[in-house]
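Structure first, then comments.
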Amino acid sequence: MGRKVTVATCALNQWALDFEGNFQRILKSIQIAKGKGARYRLGPELEICGYGCWDHYHESDTLLHSLQVLAALLDAPATQDIICDVGMPIMHRNVRYNCRVIFLNRKILLIRPKMALANEGNYRELRWFTPWARSRQTEEYVLPRMLQDLTKQKTVPFGDVVLATQDTCIGSEICEELWTPCSLLKSFTPPDSFHSPHVNMGLDGVEIITNASGSHHVLRKAHTRVDLVTMATSKNGGIYLLANQKGCDGDRLYYDGCAMIAMNGSIFAQGTQFSLDDVEVLTATLDLEDVRSYRAEISSRNLEATRVNPYPRVTVDFALSVSEDLLEPVSEPVEWTYHRPEEEISLGPACWLWDFLRRSNQAGFFLPLSGGVDSAASACVVYSMCCLVCEAVKSGNQQVLTDVQNLVDESSYTPQDPRELCGRLLTTCYMASENSSQETHNRATKLAQQIGSYHISLNIDPAVKAILGIFSLVTGKFPRFSAHGGSSRENLALQNVQARIRMVLAYLFAQLSLWSRGARGSLLVLGSANVDESLLGYLTKYDCSSADINPIGGISKTDLRAFVQLCAERFQLPVLQAILSAPATAELEPLADGQVSQMDEEDMGMTYTELSIFGRLRKVAKAGPYSMFCKLLNMWKDSCTPRQVAEKVKRFFSKYSINRHKMTTLTPAYHAENYSPDDNRFDLRPFLYNTRWPWQFLCIDNQVVQLERKTSQTLEEQIQEHFKEPSPIWKQLLPKDP
């Protein structure tokens, strides 16, 4: 009697609206799964059209082409004799749903719509889809004629339903449903449904739970995903398959794979988190009797199972197991291997850059290299990408080889040395001015030599003088730096002119530097502003932070320094130690006796460590000025007085609100932090503030006065103060009588 099942899940590098490429990758994953003996294959969320279609979901073309791909899959010989579970958008009774379509041998078995939609952070699923709100209920979905002709079916079950095979039962939940404690609104849900779907499905005897995800990378997130899956099966027993998208499918997010197969609280197959493989398939052979015996011992689970409302079942005359499987070996548990955050930075943005480069049909990258930590980090990400490409080609990845040959326009080229490849794909440029030091010039030159980039050194002073000459000719005035007796307005304007000229030159060289060398194509301009500087607005609008893409724009300065240290050791780049030990400086103000006089942290009025704390409290902890002050009073009680905390908080919010307008033009950056200030979709806030924050700052000031008074009062005075009626804040803001 068969009881061992071989199941497959996968991570696919799908691309929004690339229906042909997506179809081929889905088909390849099914072929691999069948080749490994699997009789069930799970794919990522919305894999047919690609997860990141966004407002294209509103277009009828997206629905039409998804149905066409489904028809092609149904008709493909590779999809025969294996249950295929694919993701796509479907319109049912004029409502769009995010669905799983499960089919076998040219017959659609069921369509399962998503019941809890992701609608926070980077996700806007409620903008495009409607959640299915009828727990454990189904309707008949009328198939389009193109599918009726192929399947010989007119209708198929649509709704919250599970699949019963000859030997087991399979239930689906989709991405967010694993993360949410309640999958439906209370008014639609029977009492025992206040759980993620896998709980009630498991109680109803479903032995294999599947989860198709579109989950993107954030630093330090992998353990949360793994914990959710292992906890789902440790409490209730069962087999759990998770599929995920991987790669850059057209925007700021990188989907980081991590497909997995778990059973009874243990992991049995782990997929890679970062890889250049477009198709990755995991399989595991597991014994259903292990699930049944595990559940039999949990009496509390079994008591609850007797009260659960049953799911409607679609039965299929097909078995996942084979009749004679006694000698079939089963998979063994594995220990999940996690990357350190600095390793995640070396891999995630590198894979994102590779996808962006090969899919944009550009010939490489152009990077302004300043000799500081941030631009060095961007250069190291590109070098890490080159290392990954060489490793993939060495391991036989034909797709990567084809892509790199297309990029360098050389069909016989085979990359072997990352430094040599970096010289073909990365052009770096040190843009000196009269305010630049020899030390930063030397560090930039040495880093370019050590990673092998094609390096240019130039001086922007003639262009700066020409621009200022035009201004002087028109106005009769010539601005001066503060060090030379000028005002703060003049000083800032002179810094911004240098920064913006560097941006103009960067785009000129990105477009024409390959042409000047007799090579084809243009280069993508890379930015190097980190998440902390963006948050505070410590950058010039339309300077070198304005680029095509930014691989480090979602990463904190603290994490970047750890990443650069890792690169120094792993890639043997000794100049990075000198870059790490050098003070952070923009080098936009005059030198003092040939030495740098301008320091970033002095300019900002706060340290990068403090900036990271402010950023997390503002976005992740949802703290306004007063709440942030209250939280930091305890966090910093050993190092700052209440008045010092207040001044730091007010300085941060003043600068943040003054510069918030810069976020509207921020370069698209790899999303890696939950406190990213990206105005495009993640951090939706106004960019015109009352930068004085009068009400909020008065609340802080009043609290400081009370705390200072308490420290100087006797116990008797404190008791009297406690019972004294406080003056409301609003009274202090009213106009005073004349």
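Order determines the names: the first chain of the structure tokens is A, the second B, and so forth; residues in each chain are numbered 1 upward, and ligands are numbered 1 upward as they are shown.
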_Can you pull out the residues contacting segment 100-109 of chain A? Cut-off 7 Å, using only C-alpha atoms, and skip same-chain residues under 4 positions away; I want them as a ChimeraX atom specification._
/A:74-75,79-88,113,151,156
Take the residues from that selection and write them out as a short mmCIF file (atom, residue, chain, number, x, y, z; two decimals), in the first residue's frame, keeping N, CA and C atoms.
data_model
loop_
_atom_site.label_atom_id
_atom_site.label_comp_id
_atom_site.auth_asym_id
_atom_site.auth_seq_id
_atom_site.Cartn_x
_atom_site.Cartn_y
_atom_site.Cartn_z
N LEU A 74 -1.93 23.67 -20.06
CA LEU A 74 -2.84 22.52 -20.06
C LEU A 74 -2.56 21.60 -21.24
N ASP A 75 -2.17 22.19 -22.36
CA ASP A 75 -1.98 21.42 -23.59
C ASP A 75 -0.58 20.83 -23.72
N THR A 79 2.98 18.56 -18.80
CA THR A 79 2.10 18.72 -17.64
C THR A 79 1.20 17.51 -17.41
N GLN A 80 1.37 16.48 -18.18
CA GLN A 80 0.54 15.29 -18.01
C GLN A 80 1.07 14.43 -16.85
N ASP A 81 0.14 13.79 -16.15
CA ASP A 81 0.46 12.84 -15.06
C ASP A 81 1.19 13.50 -13.89
N ILE A 82 0.92 14.77 -13.67
CA ILE A 82 1.40 15.46 -12.48
C ILE A 82 0.40 16.56 -12.15
N ILE A 83 0.03 16.68 -10.89
CA ILE A 83 -0.89 17.75 -10.48
C ILE A 83 -0.10 19.06 -10.49
N CYS A 84 -0.57 20.01 -11.27
CA CYS A 84 0.12 21.30 -11.40
C CYS A 84 -0.70 22.38 -10.71
N ASP A 85 -0.04 23.18 -9.90
CA ASP A 85 -0.67 24.24 -9.11
C ASP A 85 -0.01 25.55 -9.52
N VAL A 86 -0.72 26.38 -10.30
CA VAL A 86 -0.14 27.61 -10.84
C VAL A 86 -0.95 28.82 -10.36
N GLY A 87 -0.29 30.00 -10.39
CA GLY A 87 -0.92 31.21 -9.91
C GLY A 87 -1.19 32.21 -11.02
N MET A 88 -2.39 32.84 -10.98
CA MET A 88 -2.75 33.80 -12.02
C MET A 88 -3.95 34.62 -11.55
N PRO A 113 -9.35 31.10 -4.82
CA PRO A 113 -9.00 32.52 -4.72
C PRO A 113 -8.37 32.85 -3.37
N THR A 151 -10.42 21.66 -22.44
CA THR A 151 -10.62 20.76 -21.31
C THR A 151 -11.90 19.93 -21.42
N VAL A 156 -16.01 24.83 -13.41
CA VAL A 156 -15.15 24.18 -12.42
C VAL A 156 -15.41 24.81 -11.07
#
_With DSSP run on the backbone, what are the strand (DSSP E) residues within segment 338-574 of chain A? I'd like them as a list in words._
Phe365, Phe366, Leu367, Pro368, Leu426, Thr427, Thr428, Cys429, Tyr430, Met431, Ala432, Tyr454, His455, Ile456, Ser457, Leu458, Asn459, Leu524 and Val525 of chain A
*Separation of atom CA of Thr427 of chain A from atom CA of Tyr454 of chain A, in Å and rounded to one decimal*: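 Spanning atom CA of Thr427 of chain A to atom CA of Tyr454 of chain A is a straight-line distance of 4.7 Å.
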Give me, as JSON lines, each residue of segment 122-230 of chain A that comes within 8 Å of segment 333-350 of chain A, together with its shortest interatomic pair and the distance in Å at one decimal, counting only C-alpha atoms, with rows ordered by chain and rising residue number.
{"residue": "A:His217", "atom": "CA", "partner": "A:Gly348", "partner_atom": "CA", "distance": 7.8}
{"residue": "A:Leu219", "atom": "CA", "partner": "A:Pro341", "partner_atom": "CA", "distance": 6.1}
{"residue": "A:Arg220", "atom": "CA", "partner": "A:Pro341", "partner_atom": "CA", "distance": 6.4}
{"residue": "A:Ala222", "atom": "CA", "partner": "A:Tyr338", "partner_atom": "CA", "distance": 7.5}
{"residue": "A:His223", "atom": "CA", "partner": "A:Tyr338", "partner_atom": "CA", "distance": 7.6}
*Write out as a ChimeraX atom specification all residues of segment 451-686 of chain A that backbone DSSP assigns to alpha helix (DSSP H).*
/A:451,461-475,488-516,531-536,557-570,575-581,600-604,608-619,625-635,642-659
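Between Lys394 of chain A and the candidates A:Pro418, A:Ala519, A:Tyr430, A:Leu178, the tightest atom-to-atom separation, counting only C-alpha atoms, involves A:Pro418.
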At a cut-off of 9 Å, can you tabulate as a tab-separated table every residue of segment 371-409 of chain A near segment 564-582 of chain A together with its closest atom pair and the distance in Å to one decimal, using only C-alpha atoms and ordering rows by chain then number?
residue	atom	partner	partner_atom	distance
A:Gly371	CA	A:Ile579	CA	6.7
A:Gly372	CA	A:Ile579	CA	5.9
A:Val373	CA	A:Ile579	CA	6.0
A:Ala376	CA	A:Val564	CA	7.7
A:Ala377	CA	A:Val564	CA	6.0
A:Cys380	CA	A:Cys567	CA	7.0
A:Tyr383	CA	A:Phe571	CA	8.9
A:Ser384	CA	A:Phe571	CA	8.5
Any idea what's packed within 12 Å of Thr607 of chain A, counting only C-alpha atoms, ignoring anything in its chain fewer than 3 positions away? Could you give it as a short mmCIF file (atom, residue, chain, number, x, y, z; two decimals) with all heavy atoms, in the first residue's frame?
data_model
loop_
_atom_site.label_atom_id
_atom_site.label_comp_id
_atom_site.auth_asym_id
_atom_site.auth_seq_id
_atom_site.Cartn_x
_atom_site.Cartn_y
_atom_site.Cartn_z
N ASP A 532 19.94 56.14 5.44
CA ASP A 532 19.95 57.14 6.50
C ASP A 532 20.08 58.55 5.94
O ASP A 532 19.40 59.48 6.38
CB ASP A 532 21.10 56.85 7.48
CG ASP A 532 20.94 55.52 8.18
OD1 ASP A 532 19.79 55.16 8.50
OD2 ASP A 532 21.94 54.82 8.40
N GLU A 533 20.97 58.73 4.96
CA GLU A 533 21.13 60.05 4.34
C GLU A 533 19.86 60.45 3.58
O GLU A 533 19.47 61.62 3.59
CB GLU A 533 22.34 60.04 3.41
CG GLU A 533 23.66 59.92 4.16
CD GLU A 533 24.84 59.69 3.24
OE1 GLU A 533 24.63 59.42 2.04
OE2 GLU A 533 25.98 59.76 3.72
N LEU A 536 17.15 61.71 6.11
CA LEU A 536 17.39 63.06 6.61
C LEU A 536 17.41 64.09 5.48
O LEU A 536 17.29 65.28 5.72
CB LEU A 536 18.72 63.11 7.37
CG LEU A 536 18.94 64.36 8.24
CD1 LEU A 536 17.96 64.38 9.39
CD2 LEU A 536 20.37 64.40 8.76
N LYS A 557 23.82 52.94 7.07
CA LYS A 557 25.27 53.15 7.08
C LYS A 557 25.96 52.09 7.93
O LYS A 557 27.04 51.59 7.58
CB LYS A 557 25.58 54.55 7.64
CG LYS A 557 27.03 54.98 7.51
CD LYS A 557 27.33 55.45 6.10
CE LYS A 557 28.64 56.20 6.03
NZ LYS A 557 28.85 56.83 4.71
N THR A 558 25.34 51.73 9.04
CA THR A 558 25.94 50.72 9.93
C THR A 558 26.08 49.38 9.21
O THR A 558 27.13 48.74 9.26
CB THR A 558 25.08 50.55 11.19
OG1 THR A 558 24.96 51.82 11.85
CG2 THR A 558 25.70 49.55 12.14
N ALA A 584 33.85 60.18 7.16
CA ALA A 584 32.86 60.38 6.09
C ALA A 584 32.76 61.87 5.77
O ALA A 584 32.53 62.69 6.66
CB ALA A 584 31.50 59.85 6.52
N MET A 599 32.83 67.38 7.64
CA MET A 599 32.51 66.03 8.08
C MET A 599 31.00 65.81 8.04
O MET A 599 30.23 66.67 8.47
CB MET A 599 33.03 65.78 9.50
CG MET A 599 34.54 65.95 9.63
SD MET A 599 35.45 64.81 8.57
CE MET A 599 37.12 65.44 8.74
N ASP A 600 30.57 64.66 7.54
CA ASP A 600 29.15 64.39 7.36
C ASP A 600 28.36 64.51 8.66
O ASP A 600 27.32 65.17 8.71
CB ASP A 600 28.95 62.97 6.79
CG ASP A 600 29.36 62.88 5.32
OD1 ASP A 600 29.69 63.93 4.74
OD2 ASP A 600 29.34 61.76 4.77
N GLU A 601 28.84 63.86 9.73
CA GLU A 601 28.07 63.84 10.97
C GLU A 601 27.98 65.22 11.59
O GLU A 601 26.97 65.56 12.23
CB GLU A 601 28.66 62.82 11.94
CG GLU A 601 28.48 61.38 11.46
CD GLU A 601 28.89 60.33 12.48
OE1 GLU A 601 29.69 60.66 13.38
OE2 GLU A 601 28.40 59.19 12.37
N GLU A 602 29.02 66.06 11.41
CA GLU A 602 28.95 67.43 11.89
C GLU A 602 27.93 68.22 11.07
O GLU A 602 27.15 69.01 11.62
CB GLU A 602 30.33 68.10 11.80
CG GLU A 602 31.34 67.56 12.80
CD GLU A 602 32.70 68.24 12.65
OE1 GLU A 602 32.77 69.27 11.94
OE2 GLU A 602 33.67 67.74 13.24
N ASP A 603 27.92 68.01 9.77
CA ASP A 603 26.93 68.69 8.91
C ASP A 603 25.51 68.30 9.30
O ASP A 603 24.60 69.14 9.34
CB ASP A 603 27.16 68.31 7.45
CG ASP A 603 28.20 69.20 6.77
OD1 ASP A 603 28.74 70.08 7.45
OD2 ASP A 603 28.47 68.99 5.58
N MET A 604 25.30 67.02 9.55
CA MET A 604 23.95 66.53 9.85
C MET A 604 23.50 66.91 11.25
O MET A 604 22.31 67.01 11.52
CB MET A 604 23.89 65.01 9.68
CG MET A 604 24.09 64.53 8.26
SD MET A 604 23.79 62.75 8.03
CE MET A 604 25.04 62.03 9.10
N GLU A 610 22.54 57.29 15.41
CA GLU A 610 21.32 57.96 15.85
C GLU A 610 20.30 58.04 14.72
O GLU A 610 19.10 57.84 14.94
CB GLU A 610 21.66 59.37 16.34
CG GLU A 610 22.42 59.40 17.65
CD GLU A 610 22.92 60.78 18.01
OE1 GLU A 610 22.99 61.65 17.11
OE2 GLU A 610 23.27 60.99 19.19
N LEU A 611 20.77 58.28 13.50
CA LEU A 611 19.87 58.36 12.35
C LEU A 611 19.12 57.05 12.14
O LEU A 611 17.92 57.05 11.83
CB LEU A 611 20.67 58.70 11.10
CG LEU A 611 20.45 60.08 10.48
CD1 LEU A 611 21.29 60.23 9.21
CD2 LEU A 611 18.98 60.31 10.18
N SER A 612 19.82 55.93 12.29
CA SER A 612 19.17 54.63 12.13
C SER A 612 18.07 54.44 13.18
O SER A 612 16.99 53.91 12.89
CB SER A 612 20.20 53.50 12.24
OG SER A 612 21.08 53.50 11.15
N ILE A 613 18.35 54.89 14.40
CA ILE A 613 17.35 54.78 15.48
C ILE A 613 16.15 55.66 15.17
O ILE A 613 14.99 55.23 15.29
CB ILE A 613 17.99 55.15 16.83
CG1 ILE A 613 19.06 54.11 17.20
CG2 ILE A 613 16.93 55.23 17.91
CD1 ILE A 613 19.90 54.49 18.41
N PHE A 614 16.41 56.90 14.77
CA PHE A 614 15.31 57.79 14.40
C PHE A 614 14.47 57.17 13.28
O PHE A 614 13.24 57.23 13.31
CB PHE A 614 15.85 59.14 13.92
CG PHE A 614 16.51 59.97 14.99
CD1 PHE A 614 17.63 60.75 14.71
CD2 PHE A 614 16.02 60.00 16.28
CE1 PHE A 614 18.24 61.52 15.68
CE2 PHE A 614 16.62 60.76 17.27
CZ PHE A 614 17.73 61.53 16.97
N LYS A 648 17.77 66.64 20.13
CA LYS A 648 18.09 65.70 19.05
C LYS A 648 16.84 65.36 18.24
O LYS A 648 16.86 65.32 17.00
CB LYS A 648 18.72 64.43 19.62
CG LYS A 648 20.15 64.60 20.12
CD LYS A 648 20.66 63.30 20.75
CE LYS A 648 22.06 63.45 21.32
NZ LYS A 648 23.07 63.54 20.25
N PHE A 652 16.14 66.34 14.34
CA PHE A 652 15.85 65.34 13.31
C PHE A 652 14.57 65.69 12.56
O PHE A 652 14.55 65.70 11.32
CB PHE A 652 15.71 63.95 13.93
CG PHE A 652 15.09 62.95 13.00
CD1 PHE A 652 15.80 62.45 11.91
CD2 PHE A 652 13.77 62.54 13.17
CE1 PHE A 652 15.20 61.56 11.02
CE2 PHE A 652 13.17 61.64 12.30
CZ PHE A 652 13.90 61.16 11.22
#
_Residues within 10 Å of Gln362 of chain A, please, as a list in words. Count only C-alpha atoms; anything in the same chain fewer than 5 positions from it doesn't count._
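Here the qualifying residues turn out to be Phe356, Leu357, Asn406, Leu407, Val408, Leu425, Arg520, Gly521, Ser522, Leu523 and Leu524 of chain A.
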*Near segment 255-262 of chain A, counting only C-alpha atoms, which residues have an atom at most 6 Å away, once you skip same-chain residues fewer than 6 positions from it, shown as a ChimeraX atom specification?*
/A:11,215-217,239-247,268-274
